[in-house]
file coords19.cif (mmCIF, C-alpha atoms and all ligand atoms)
data_upload
loop_
_atom_site.label_atom_id
_atom_site.label_comp_id
_atom_site.auth_asym_id
_atom_site.auth_seq_id
_atom_site.Cartn_x
_atom_site.Cartn_y
_atom_site.Cartn_z
CA MET N 1 -13.39 42.33 5.80
CA PHE N 2 -16.54 42.74 3.69
CA ASN N 3 -17.78 46.23 4.48
CA ALA N 4 -20.95 47.58 2.84
CA GLU N 5 -19.72 51.16 3.19
CA ASP N 6 -16.82 50.57 0.85
CA PRO N 7 -17.36 50.98 -2.91
CA TYR N 8 -18.57 48.09 -5.02
CA ARG N 9 -17.09 47.22 -8.38
CA PHE N 10 -19.04 44.85 -10.61
CA PHE N 11 -17.56 42.66 -13.33
CA THR N 12 -18.95 40.08 -15.74
CA TRP N 13 -16.54 37.47 -16.97
CA ASN N 14 -17.50 35.10 -19.76
CA VAL N 15 -15.15 32.14 -19.86
CA THR N 16 -14.69 30.37 -23.20
CA TYR N 17 -12.12 28.38 -25.11
CA GLY N 18 -10.37 30.17 -27.93
CA ASP N 19 -7.21 30.45 -29.98
CA ILE N 20 -4.15 31.89 -28.26
CA TYR N 21 -0.59 32.43 -29.50
CA PRO N 22 1.46 32.87 -26.29
CA THR N 23 4.72 31.92 -27.97
CA GLY N 24 3.67 32.68 -31.52
CA ILE N 25 2.48 29.10 -31.87
CA HIS N 26 -1.21 28.34 -32.01
CA GLN N 27 -2.75 26.75 -28.91
CA GLN N 28 -6.19 26.41 -27.44
CA GLY N 29 -6.54 28.53 -24.32
CA ILE N 30 -9.08 29.78 -21.84
CA LEU N 31 -10.33 33.26 -22.65
CA ILE N 32 -12.11 35.73 -20.44
CA ASN N 33 -14.42 38.03 -22.39
CA GLY N 34 -12.60 36.90 -25.53
CA HIS N 35 -9.14 37.83 -24.29
CA PHE N 36 -6.07 36.02 -23.04
CA PRO N 37 -4.70 36.72 -20.52
CA GLY N 38 -7.84 37.87 -18.75
CA PRO N 39 -8.73 41.42 -17.80
CA GLU N 40 -6.93 43.40 -15.14
CA ILE N 41 -9.01 44.52 -12.20
CA TYR N 42 -8.40 48.08 -11.13
CA SER N 43 -9.36 48.49 -7.50
CA VAL N 44 -8.12 49.89 -4.23
CA THR N 45 -7.88 48.42 -0.75
CA ASN N 46 -11.29 47.64 0.79
CA ASP N 47 -13.22 47.75 -2.51
CA ASN N 48 -15.94 45.10 -2.68
CA LEU N 49 -15.50 43.18 -5.94
CA ILE N 50 -18.57 41.40 -7.35
CA ILE N 51 -17.49 39.17 -10.25
CA ASN N 52 -20.16 37.22 -12.11
CA VAL N 53 -18.44 34.36 -13.90
CA PHE N 54 -20.24 32.52 -16.72
CA ASN N 55 -18.53 29.24 -17.40
CA ASN N 56 -19.09 28.47 -21.09
CA LEU N 57 -16.49 25.71 -21.08
CA PRO N 58 -17.77 22.15 -21.55
CA GLU N 59 -16.28 21.28 -18.15
CA PRO N 60 -15.97 22.70 -14.63
CA PHE N 61 -13.70 25.70 -14.19
CA LEU N 62 -12.00 26.97 -11.03
CA ILE N 63 -10.85 30.52 -10.44
CA SER N 64 -8.88 31.43 -7.36
CA TRP N 65 -7.06 34.48 -6.12
C1 LIG A 1 -20.24 34.04 -23.73
O1 LIG A 1 -19.58 33.95 -24.98
C2 LIG A 1 -20.15 32.98 -25.86
C3 LIG A 1 -19.24 32.90 -27.08
O2 LIG A 1 -19.01 34.16 -27.63
C4 LIG A 1 -21.57 33.41 -26.19
O3 LIG A 1 -22.16 32.46 -27.05
C5 LIG A 1 -22.37 33.51 -24.90
O4 LIG A 1 -23.66 34.00 -25.17
C6 LIG A 1 -21.69 34.42 -23.90
N1 LIG A 1 -22.39 34.35 -22.63
C7 LIG A 1 -22.56 35.41 -21.84
C8 LIG A 1 -23.25 35.17 -20.55
O5 LIG A 1 -22.17 36.53 -22.16
#

call {"tool": "encode", "arguments": {"input": "coords19.cif", "output": "structure tokens", "more": "lines below"}}
Ligand SMILES: *[C@@H]1O[C@H](CO)[C@@H](O)[C@H](O)[C@H]1NC(C)=O
result
Amino acid sequence: MFNAEDPYRFFTWNVTYGDIYPTGIHQQGILINGHFPGPEIYSVTNDNLIINVFNNLPEPFLISW
């Protein structure tokens, strides 16, 4: 439930393409704030998370949790 009395945590995620080396071999990957994999979110139960996502890919991008 979205409860205004619980703490808010704000994040800005900038989504871009970039070079990744997940197996030591170069690939193009999707970066969040220049990193792959993306950032961890530290939060506790009932926190309200506000995540502003800027899609800088040349195509639509879907995030789900
Ligand atoms: C996202 O990153 C790109 C590439 O570094 C940069 O050009 C752009 O200004 C950034 N956008 C935001 C909203 O931070």

call {"tool": "closest_atom_pairs", "arguments": {"input": "coords19.cif", "of": "chain N", "to": "ligand LIG 1 (chain A)", "cutoff": "12 Å", "atoms": "only C-alpha atoms and all ligand atoms", "output": "JSON lines"}}
result
{"residue": "N:Phe11", "atom": "CA", "partner": "A:LIG1", "partner_atom": "O5", "distance": 11.7}
{"residue": "N:Thr12", "atom": "CA", "partner": "A:LIG1", "partner_atom": "O5", "distance": 8.0}
{"residue": "N:Trp13", "atom": "CA", "partner": "A:LIG1", "partner_atom": "O5", "distance": 7.7}
{"residue": "N:Asn14", "atom": "CA", "partner": "A:LIG1", "partner_atom": "C1", "distance": 4.9}
{"residue": "N:Val15", "atom": "CA", "partner": "A:LIG1", "partner_atom": "C1", "distance": 6.7}
{"residue": "N:Thr16", "atom": "CA", "partner": "A:LIG1", "partner_atom": "O1", "distance": 6.3}
{"residue": "N:Tyr17", "atom": "CA", "partner": "A:LIG1", "partner_atom": "C3", "distance": 8.7}
{"residue": "N:Gly18", "atom": "CA", "partner": "A:LIG1", "partner_atom": "C3", "distance": 9.3}
{"residue": "N:Ile30", "atom": "CA", "partner": "A:LIG1", "partner_atom": "O1", "distance": 11.7}
{"residue": "N:Leu31", "atom": "CA", "partner": "A:LIG1", "partner_atom": "O1", "distance": 9.6}
{"residue": "N:Ile32", "atom": "CA", "partner": "A:LIG1", "partner_atom": "O1", "distance": 8.9}
{"residue": "N:Asn33", "atom": "CA", "partner": "A:LIG1", "partner_atom": "O1", "distance": 7.1}
{"residue": "N:Gly34", "atom": "CA", "partner": "A:LIG1", "partner_atom": "O2", "distance": 7.3}
{"residue": "N:His35", "atom": "CA", "partner": "A:LIG1", "partner_atom": "O2", "distance": 11.0}
{"residue": "N:Asn52", "atom": "CA", "partner": "A:LIG1", "partner_atom": "C8", "distance": 9.2}
{"residue": "N:Val53", "atom": "CA", "partner": "A:LIG1", "partner_atom": "C8", "distance": 8.2}
{"residue": "N:Phe54", "atom": "CA", "partner": "A:LIG1", "partner_atom": "C8", "distance": 5.5}
{"residue": "N:Asn55", "atom": "CA", "partner": "A:LIG1", "partner_atom": "C1", "distance": 8.1}
{"residue": "N:Asn56", "atom": "CA", "partner": "A:LIG1", "partner_atom": "C1", "distance": 6.3}
{"residue": "N:Leu57", "atom": "CA", "partner": "A:LIG1", "partner_atom": "C2", "distance": 9.4}
{"residue": "N:Pro58", "atom": "CA", "partner": "A:LIG1", "partner_atom": "C2", "distance": 11.9}

call {"tool": "atom_distance", "arguments": {"input": "coords19.cif", "atom1": "atom CA of N:Arg9", "atom2": "atom CA of N:Trp65"}}
result
16.4 Å

call {"tool": "atom_distance", "arguments": {"input": "coords19.cif", "atom1": "atom CA of N:Ile51", "atom2": "atom CA of N:Ile63"}}
result
10.9 Å

call {"tool": "atom_distance", "arguments": {"input": "coords19.cif", "atom1": "atom CA of N:Asp6", "atom2": "atom CA of N:Tyr42"}}
result
14.9 Å

call {"tool": "residues_around", "arguments": {"input": "coords19.cif", "residues": "N:Ile20", "least_positions_apart": "5", "cutoff": "7 Å", "atoms": "all atoms listed in the file", "output": "list in words"}}
result
His26, Gln27, Gln28, Gly29 and Phe36 of chain N

call {"tool": "closest_residue", "arguments": {"input": "coords19.cif", "among": "N:Glu40, N:Gly24, N:Asn48, N:Asp19", "to": "N:Glu5", "atoms": "all atoms listed in the file"}}
result
N:Asn48

call {"tool": "axis_aligned_box", "arguments": {"input": "coords19.cif", "around": "stretch 26-41 of chain N", "padding_each_side": "5 Å", "output": "JSON"}}
result
{"center_x": -7.8, "center_y": 35.5, "center_z": -22.1, "size_x": 23.2, "size_y": 28.1, "size_z": 29.8}
